[in-house]
Structures are given as structure tokens and as C-alpha cells.
Amino acid sequence: QVQLVESGGGLVQTGDSLRLSCAASGRTFGVYAMGWFRQTPGKEREFVAAITWSVGITLHADSVKGRFTISRDVAKNTVYLQMNSLKPEDTAVYYCAADRSAGPITYLYYSRSGVYDYWGQGTQVTVSS
């Protein structure tokens, strides 16, 4: 089992920045990639970004490209999501997820929530206009 705990969410204004963290614990040696998703009420979970754990290859959704950056600290078993130039439409609960299946490193693969084996509880990000 892998446990994921997100932190760093909050209430900010348009144009502000936030950095989300996701700390992984448990059987983390088998984690191949980690991702960030977000969800608003009544909508499906939306892919934000993913990163492979060993090499650090990153993938970002077009909606956040150039504003959000995913990174990881292998020594701390932590993945980050740096969010800059936040917009009201970024308001959502942000979830961290871990994948143990070593699939193809493609946007098509890692943008699917069903790929991921473990999920955190989520952290709320609210961007006021």
C-alpha cells in the first residue's frame, strides 16, 4: 500500500501562486509515476500533470501548460505542483495519485485517472476573482 497526503491548498486571488505538496509513504519503492488531478462538483476528475518517479519526465495538460509545473523530490518521497498565474477556473479539489504499472510515458496514458493505483484525500484550491 502507498499512502498519499496532499497539502498546500488555500484561498488566493487571481494571479497569485500556490505550491501543492504530496507526501508518499508506505511501499513507495514500486511507484513508477505520480500525477495531479483536479475536480469540481458535478464534473469528472481532470488531469493536470504527471511525472515519472525515477527519470522525472513530465506531462502537463494544455490548460495549465506554462503556468503549472510538476516536480518531485525523490529523497523526500514528495511530488509538488507549483501553480502560478492562478485563475478562478483553477478552483477545484486537487488530488495526488500514484501509478505502479510502468505504462507508456505518454499524455494519452497518464491523463486517464484509471491508470493510477493510489489516491490522496485532496486539497482545496480556491481562486477568487
# chains A, B, ... in the order shown; residues from 1 in each chain; ligands from 1
call {"tool": "select_by_dssp", "arguments": {"residues": "region 13-124 of chain A", "states": "strand (DSSP E)", "output": "PyMOL selection string"}}
result
chain A and resi 13+18-26+33-39+46-52+58-60+68-73+78-83+92-99+118-119+123-124
call {"tool": "residues_around", "arguments": {"residues": "Gly120 (chain A)", "least_positions_apart": "6", "cutoff": "10 Å", "atoms": "only C-alpha atoms", "output": "PyMOL selection string"}}
result
chain A and resi 2-6+22-24+36+94-98
call {"tool": "residues_around", "arguments": {"residues": "Glu44 (chain A)", "least_positions_apart": "4", "cutoff": "12 Å", "atoms": "only C-alpha atoms", "output": "short mmCIF file (atom, residue, chain, number, x, y, z; two decimals) with all heavy atoms, in the first residue's frame"}}
result
data_model
loop_
_atom_site.label_atom_id
_atom_site.label_comp_id
_atom_site.auth_asym_id
_atom_site.auth_seq_id
_atom_site.Cartn_x
_atom_site.Cartn_y
_atom_site.Cartn_z
N PHE A 37 -4.49 15.54 -10.31
CA PHE A 37 -5.78 15.72 -10.95
C PHE A 37 -6.55 16.76 -10.16
O PHE A 37 -6.21 17.06 -9.02
CB PHE A 37 -6.57 14.40 -10.96
CG PHE A 37 -6.08 13.40 -11.96
CD1 PHE A 37 -4.91 12.70 -11.75
CD2 PHE A 37 -6.80 13.15 -13.12
CE1 PHE A 37 -4.45 11.77 -12.68
CE2 PHE A 37 -6.36 12.22 -14.06
CZ PHE A 37 -5.17 11.54 -13.82
N ARG A 38 -7.61 17.29 -10.76
CA ARG A 38 -8.47 18.21 -10.03
C ARG A 38 -9.93 17.93 -10.39
O ARG A 38 -10.22 17.38 -11.45
CB ARG A 38 -8.11 19.66 -10.33
CG ARG A 38 -8.31 20.09 -11.79
CD ARG A 38 -7.73 21.49 -11.99
NE ARG A 38 -7.93 21.96 -13.36
CZ ARG A 38 -7.43 23.09 -13.83
NH1 ARG A 38 -6.69 23.87 -13.05
NH2 ARG A 38 -7.67 23.45 -15.09
N GLN A 39 -10.79 18.30 -9.46
CA GLN A 39 -12.21 18.01 -9.66
C GLN A 39 -13.07 19.09 -9.04
O GLN A 39 -12.79 19.54 -7.92
CB GLN A 39 -12.56 16.65 -9.05
CG GLN A 39 -13.94 16.15 -9.40
CD GLN A 39 -14.14 14.71 -8.97
OE1 GLN A 39 -13.48 14.21 -8.07
NE2 GLN A 39 -15.05 14.01 -9.65
N THR A 40 -14.09 19.50 -9.77
CA THR A 40 -15.10 20.42 -9.25
C THR A 40 -16.42 19.68 -9.16
O THR A 40 -16.63 18.67 -9.86
CB THR A 40 -15.23 21.65 -10.16
OG1 THR A 40 -15.49 21.21 -11.50
CG2 THR A 40 -13.95 22.48 -10.15
N ALA A 92 -10.72 24.15 -7.54
CA ALA A 92 -11.06 22.73 -7.54
C ALA A 92 -10.44 22.06 -6.32
O ALA A 92 -9.62 22.67 -5.63
CB ALA A 92 -10.55 22.05 -8.81
N VAL A 93 -10.83 20.82 -6.11
CA VAL A 93 -10.09 19.98 -5.17
C VAL A 93 -9.00 19.29 -5.99
O VAL A 93 -9.28 18.68 -7.03
CB VAL A 93 -11.00 18.94 -4.51
CG1 VAL A 93 -10.17 18.01 -3.60
CG2 VAL A 93 -12.10 19.62 -3.72
N ARG A 112 -5.34 9.51 -17.92
CA ARG A 112 -6.51 8.71 -17.52
C ARG A 112 -6.44 8.39 -16.04
O ARG A 112 -5.49 7.78 -15.56
CB ARG A 112 -6.57 7.43 -18.34
CG ARG A 112 -6.80 7.66 -19.83
CD ARG A 112 -6.96 6.33 -20.55
NE ARG A 112 -5.73 5.56 -20.51
CZ ARG A 112 -5.68 4.23 -20.62
NH1 ARG A 112 -6.80 3.54 -20.74
NH2 ARG A 112 -4.52 3.60 -20.62
N SER A 113 -7.49 8.75 -15.30
CA SER A 113 -7.47 8.54 -13.85
C SER A 113 -7.42 7.04 -13.52
O SER A 113 -6.87 6.66 -12.47
CB SER A 113 -8.69 9.18 -13.21
OG SER A 113 -9.89 8.65 -13.74
#
call {"tool": "select_by_dssp", "arguments": {"residues": "chain A", "states": "helix (DSSP H, G or I)", "output": "ChimeraX atom specification"}}
result
/A:28-30,88-90,107-110,113-115
call {"tool": "closest_atom_pairs", "arguments": {"of": "region 90-124 of chain A", "to": "region 59-68 of chain A", "cutoff": "9 Å", "atoms": "only C-alpha atoms", "output": "tab-separated table"}}
result
residue	atom	partner	partner_atom	distance
A:Asp90	CA	A:Val64	CA	8.8
A:Ile105	CA	A:Leu59	CA	8.6
A:Thr106	CA	A:Leu59	CA	7.8
A:Tyr107	CA	A:Leu59	CA	6.3
A:Tyr110	CA	A:Leu59	CA	8.1
A:Ser111	CA	A:Ala61	CA	8.1
